[in-house]
Amino acid sequence: MSGTTVTREVTSTARMVAATGRAPFSQSRAARELSLKRCEFDLAVHLGHIRTRAAEERIGRQVDRSEVERLRGEEGFPEALRKRVATVGTREGSAIMEVTAARFTRLARLGLLIPVAFHLNRYRAVVWRYLADELCEFAADAKNAPLLGRPLPDGLRGQLDTGLDLRPRNWRGRHLGFLLGQAGDPWERAGALASLLDPVQISEIVTDPYERSHMSRFRPPPPAHGAPGSPAAHLTERITTAQDPDEIGLLRADLERTVREARMQRERAAPRPVSRNPDPHPHHDDPHRHPDTRRHRDAHQSADAHRRSARHRCPPAPEHCERHRPGEISRPARGLLGRFFRRAT
């Protein structure tokens with residue numbers, strides 16, 4: 001039987017499907033299977049409640065069917081899972097902690113309450129979201145009772161008077177922890193660190209354009225709020241980019257160290273373009289390869305050197321010597337020799 005046989009490489013997912021008949025879920029499909037909104041699903045992944053793995057060709061992440069079945073088999077599903085990822089704003093959070101909204105905001109600005117998410121309302125005001133379980137734990141801790149029912153100490157009030165607001169920085173730190181938890185190799189960790197730095201800072205640390213391009217593949221996109229270039233997008237960029245000098249210094253040091261680790265992995269090196277005009281004589285420096293060609297080249301070089309030295313040894317013709325041009329009749333010589341030659345003629 002004649003013909004052409006086409007073979008294809010079987011990927012790990014295809015092998016798993018062939019063996020078990022159970023392909024993994026995409027993140028959107030897994031969220032529907034778990035009765036979660038997409039924002040709730042993403043938060044559950046960040047908090048470690050849902051295990052994911054890298055998809056084929058490192059594009060996105062997937063959820064195994066066994067993981068979905070494990071969560072669906074837990075007691076109180078899906079309400080128990082939703083409760084673990086429930087978030088509240090300032091008004092709901094202050095009600096949980098039984099304090100005023102102003103006291104709740106002060107505690108958050110001091111960094112005592114760490115936001116887990118944010119969004120912009122229609123007035124482009126930042127709305128911070130907090131985990132309800134964490135607020136309940138904070139209020140139940142007896143050590144925090146003076147912060148809830150008594151006036152704040154003078155030192156804390158002085159920090160608030162200077163305009164201190166640690167909510168953006170605390171969110172960035174928590175978000176970076178989420179990203180690093182999902183990173184599998186140094187390039188992915190470098191992309192996570194670079195997502196919180198300004199492009200100018202990144203270009204100063206990673207000067208190789210091919211490495212920057214490769215690292216950008218693993219750089220997670222920032223939260224999308226508003227059209228590109230809009231005031232909402234600029235505000236979101238400011239929140240998601242490191243602002244404090246000490247924070248920038250720490251991120252730069254971590255990024256530089258991580259890129260060095262990535263360069264040591266030669267099998268995962270940044271790809272570079274292949275030259276379209278390779279050297280026609282790639283082994284011209286090897287004296288043991290093609291001896292005939294080497295002797296032929298050496299003979300040509302010796303002949304060229306001989307001709308150059310011969311040109312230097314020959315003196316130039318004097319300027320007063322007259323030379324006959326083609327087609328020009330020579331003039332008869334003058335003096336005694338001239339008369340002798342004319343008589344002989």
# chains A, B, ... in the order shown; residues from 1 in each chain; ligands from 1

$ residues_around --residues "Asp64 of chain A" --least-positions-apart "2" --cutoff "10 Å" --atoms "only C-alpha atoms" --output "number ranges by chain"
A: 22-27, 30, 51-53, 62, 66-69

$ residues_around --residues "segment 145-149 of chain A" --least-positions-apart "6" --cutoff "12 Å" --atoms "only C-alpha atoms" --output "compact mmCIF listing (two decimals) with N, CA and C atoms, in the first residue's frame"
# COMPACT_ATOMS: atom_id res chain seq x y z
N SER A 94 -16.68 47.08 58.41
CA SER A 94 -16.83 47.76 59.70
C SER A 94 -17.97 47.15 60.50
N ILE A 96 -18.76 43.93 60.42
CA ILE A 96 -18.25 42.67 60.95
C ILE A 96 -17.40 42.92 62.19
N MET A 97 -16.58 43.97 62.18
CA MET A 97 -15.66 44.26 63.28
C MET A 97 -16.31 45.12 64.36
N GLU A 98 -17.56 45.59 64.10
CA GLU A 98 -18.32 46.41 65.05
C GLU A 98 -17.56 47.69 65.40
N VAL A 99 -17.07 48.37 64.35
CA VAL A 99 -16.42 49.67 64.49
C VAL A 99 -17.02 50.58 63.44
N THR A 100 -16.71 51.86 63.56
CA THR A 100 -17.18 52.81 62.57
C THR A 100 -16.41 52.64 61.27
N ALA A 101 -16.98 53.15 60.19
CA ALA A 101 -16.29 53.07 58.90
C ALA A 101 -15.00 53.89 58.92
N ALA A 102 -15.01 55.02 59.66
CA ALA A 102 -13.79 55.83 59.75
C ALA A 102 -12.69 55.08 60.47
N ARG A 103 -13.02 54.37 61.58
CA ARG A 103 -12.01 53.59 62.29
C ARG A 103 -11.49 52.46 61.40
N PHE A 104 -12.38 51.83 60.68
CA PHE A 104 -11.97 50.74 59.78
C PHE A 104 -10.99 51.27 58.73
N THR A 105 -11.26 52.43 58.16
CA THR A 105 -10.38 53.00 57.13
C THR A 105 -9.02 53.34 57.72
N ARG A 106 -8.99 53.88 58.94
CA ARG A 106 -7.71 54.20 59.57
C ARG A 106 -6.87 52.95 59.79
N LEU A 107 -7.50 51.89 60.26
CA LEU A 107 -6.76 50.64 60.47
C LEU A 107 -6.21 50.09 59.15
N ALA A 108 -6.99 50.24 58.09
CA ALA A 108 -6.52 49.75 56.79
C ALA A 108 -5.37 50.60 56.26
N LEU A 110 -3.19 52.13 58.01
CA LEU A 110 -2.01 51.81 58.81
C LEU A 110 -1.41 50.45 58.46
N LEU A 112 -2.87 47.51 59.03
CA LEU A 112 -3.31 46.45 59.93
C LEU A 112 -4.35 45.54 59.27
N LEU A 113 -5.04 46.03 58.28
CA LEU A 113 -6.00 45.25 57.50
C LEU A 113 -5.51 45.26 56.05
N LEU A 135 -11.12 39.44 58.61
CA LEU A 135 -11.65 40.49 59.49
C LEU A 135 -12.25 39.88 60.76
N GLU A 137 -11.23 37.12 62.19
CA GLU A 137 -10.10 36.71 63.02
C GLU A 137 -9.45 37.92 63.71
N PHE A 138 -9.35 39.04 63.00
CA PHE A 138 -8.75 40.23 63.59
C PHE A 138 -9.59 40.74 64.76
N ALA A 139 -10.89 40.75 64.57
CA ALA A 139 -11.77 41.24 65.64
C ALA A 139 -11.81 40.29 66.82
N LEU A 156 0.47 56.31 66.01
CA LEU A 156 -0.33 55.92 64.85
C LEU A 156 -1.09 57.12 64.28
N ARG A 157 -1.59 57.97 65.14
CA ARG A 157 -2.30 59.16 64.63
C ARG A 157 -1.35 60.09 63.89

$ residues_around --residues "Ala270 of chain A" --least-positions-apart "4" --cutoff "7 Å" --atoms "only C-alpha atoms" --output "ChimeraX atom specification"
/A:210-211,214

$ select_by_dssp --residues "segment 17-245 of chain A" --states "helix (DSSP H, G or I)" --output "MDAnalysis selection string"
chainID A and resid 17:20 27:33 38:46 56:58 65:72 79:84 90:97 101:109 132:140 142:149 154:161 167:182 186:194 199:205 209:216 231:240 245

$ write_last_selection --atoms "C-alpha atoms" --output "compact mmCIF listing (two decimals), in the first residue's frame"
# COMPACT_ATOMS: atom_id res chain seq x y z
CA VAL A 17 -6.98 11.68 27.72
CA ALA A 18 -6.14 8.47 25.88
CA ALA A 19 -5.34 6.71 29.15
CA THR A 20 -8.22 7.96 31.28
CA GLN A 27 -10.43 27.81 34.24
CA SER A 28 -13.76 29.15 32.96
CA ARG A 29 -15.24 25.67 32.78
CA ALA A 30 -13.90 24.80 36.24
CA ALA A 31 -15.50 27.94 37.69
CA ARG A 32 -18.88 26.88 36.29
CA GLU A 33 -18.46 23.34 37.60
CA ARG A 38 -14.82 34.05 37.80
CA CYS A 39 -13.54 36.60 40.33
CA GLU A 40 -14.30 34.14 43.15
CA PHE A 41 -12.54 31.35 41.28
CA ASP A 42 -9.42 33.46 40.67
CA LEU A 43 -9.29 34.43 44.32
CA ALA A 44 -9.69 30.80 45.39
CA VAL A 45 -6.76 29.86 43.13
CA HIS A 46 -4.62 32.65 44.60
CA GLU A 56 0.08 22.79 27.19
CA GLU A 57 2.72 25.06 25.63
CA ARG A 58 2.64 27.08 28.87
CA ARG A 65 -11.09 16.84 36.86
CA SER A 66 -9.95 15.07 40.01
CA GLU A 67 -9.45 18.46 41.69
CA VAL A 68 -12.97 19.56 40.75
CA GLU A 69 -14.38 16.28 42.06
CA ARG A 70 -12.46 16.70 45.32
CA LEU A 71 -13.95 20.14 45.92
CA ARG A 72 -17.44 19.03 44.96
CA GLU A 79 -21.49 27.40 50.28
CA ALA A 80 -18.40 26.48 52.30
CA LEU A 81 -16.11 27.25 49.34
CA ARG A 82 -17.86 30.54 48.65
CA LYS A 83 -17.51 31.53 52.31
CA ARG A 84 -13.75 31.05 52.19
CA THR A 90 -15.48 49.16 54.08
CA ARG A 91 -19.12 49.32 55.11
CA GLU A 92 -19.59 45.55 55.45
CA GLY A 93 -16.17 45.15 57.05
CA SER A 94 -16.83 47.76 59.70
CA ALA A 95 -20.09 45.99 60.54
CA ILE A 96 -18.25 42.67 60.95
CA MET A 97 -15.66 44.26 63.28
CA ALA A 101 -16.29 53.07 58.90
CA ALA A 102 -13.79 55.83 59.75
CA ARG A 103 -12.01 53.59 62.29
CA PHE A 104 -11.97 50.74 59.78
CA THR A 105 -10.38 53.00 57.13
CA ARG A 106 -7.71 54.20 59.57
CA LEU A 107 -6.76 50.64 60.47
CA ALA A 108 -6.52 49.75 56.79
CA ARG A 109 -4.37 52.79 55.99
CA ALA A 132 -14.38 38.44 55.54
CA ASP A 133 -12.71 35.54 57.37
CA GLU A 134 -9.59 37.63 58.07
CA LEU A 135 -11.65 40.49 59.49
CA CYS A 136 -13.44 38.08 61.80
CA GLU A 137 -10.10 36.71 63.02
CA PHE A 138 -8.75 40.23 63.59
CA ALA A 139 -11.77 41.24 65.64
CA ALA A 140 -11.69 38.02 67.67
CA ALA A 142 -7.83 39.96 72.18
CA LYS A 143 -4.58 41.74 71.31
CA ASN A 144 -6.45 43.95 68.86
CA ALA A 145 -9.14 45.05 71.33
CA PRO A 146 -7.41 48.39 72.15
CA LEU A 147 -7.36 49.26 68.43
CA LEU A 148 -11.08 48.66 68.11
CA GLY A 149 -12.55 50.28 71.22
CA ASP A 154 -0.31 59.17 69.31
CA GLY A 155 2.29 57.46 67.11
CA LEU A 156 -0.33 55.92 64.85
CA ARG A 157 -2.30 59.16 64.63
CA GLY A 158 0.86 61.00 63.69
CA GLN A 159 1.45 58.59 60.79
CA LEU A 160 -2.09 59.12 59.57
CA ASP A 161 -1.62 62.90 59.73
CA ARG A 167 -3.31 49.81 51.25
CA PRO A 168 -1.81 49.94 47.71
CA ARG A 169 1.56 48.62 48.86
CA ASN A 170 0.01 45.84 50.94
CA TRP A 171 -2.15 44.82 48.01
CA ARG A 172 0.94 44.69 45.75
CA GLY A 173 2.79 42.56 48.27
CA ARG A 174 -0.09 40.14 48.58
CA HIS A 175 -0.63 40.01 44.83
CA LEU A 176 3.07 39.29 44.26
CA GLY A 177 2.82 36.40 46.69
CA PHE A 178 -0.06 34.98 44.65
CA LEU A 179 1.95 35.26 41.41
CA LEU A 180 5.13 33.75 42.84
CA GLY A 181 3.12 30.85 44.24
CA GLN A 182 2.07 29.88 40.70
CA PRO A 186 13.02 31.54 37.30
CA TRP A 187 11.67 33.16 34.12
CA GLU A 188 8.12 32.97 35.46
CA ARG A 189 9.24 34.41 38.79
CA ALA A 190 11.06 37.18 36.94
CA GLY A 191 7.89 37.97 35.01
CA ALA A 192 5.92 38.17 38.27
CA LEU A 193 8.45 40.59 39.77
CA ALA A 194 8.56 42.68 36.60
CA PRO A 199 9.32 49.58 32.22
CA VAL A 200 12.25 51.94 32.75
CA GLN A 201 13.28 50.02 35.85
CA ILE A 202 13.05 46.74 33.95
CA SER A 203 15.20 47.96 31.04
CA GLU A 204 17.89 49.09 33.48
CA ILE A 205 18.08 45.64 35.06
CA PRO A 209 16.22 42.93 24.52
CA TYR A 210 15.80 39.22 23.80
CA GLU A 211 15.70 38.42 27.51
CA ARG A 212 13.18 41.21 28.12
CA SER A 213 10.98 39.89 25.33
CA HIS A 214 11.21 36.35 26.68
CA MET A 215 10.43 37.53 30.22
CA SER A 216 7.40 39.48 28.98
CA PRO A 231 -7.94 58.13 33.71
CA ALA A 232 -9.15 54.85 35.23
CA ALA A 233 -6.36 52.93 33.49
CA HIS A 234 -3.75 55.44 34.72
CA LEU A 235 -5.06 55.14 38.28
CA THR A 236 -4.94 51.34 38.09
CA GLU A 237 -1.39 51.47 36.75
CA ARG A 238 -0.34 53.64 39.67
CA ILE A 239 -1.81 51.18 42.16
CA THR A 240 -0.23 48.14 40.51
CA PRO A 245 11.87 53.83 46.97

$ atom_distance --atom1 "atom CA of Arg217 of chain A" --atom2 "atom CA of Ala117 of chain A"
24.0 Å

$ closest_residue --among "A:Leu250, A:His49, A:Ile114, A:Thr87" --to "Leu166 of chain A" --atoms "only C-alpha atoms"
A:Ile114

$ closest_residue --among "A:Leu120, A:Val206, A:Arg150, A:Leu164" --to "Arg260 of chain A" --atoms "only C-alpha atoms"
A:Val206

$ select_by_dssp --residues "segment 80-307 of chain A" --states "strand (DSSP E or B)" --output "PyMOL selection string"
chain A and resi 87-88+117-120+126-131

$ closest_residue --among "A:Glu256, A:Asp246, A:Asp185, A:Asp198" --to "Ala269 of chain A" --atoms "only C-alpha atoms"
A:Asp185

$ closest_residue --among "A:Leu152, A:Arg219, A:Pro78, A:Val259" --to "Ser195 of chain A" --atoms "only C-alpha atoms"
A:Arg219

$ closest_residue --among "A:Ile248, A:Asn121, A:Ala54, A:Gly163" --to "Phe218 of chain A" --atoms "only C-alpha atoms"
A:Ala54
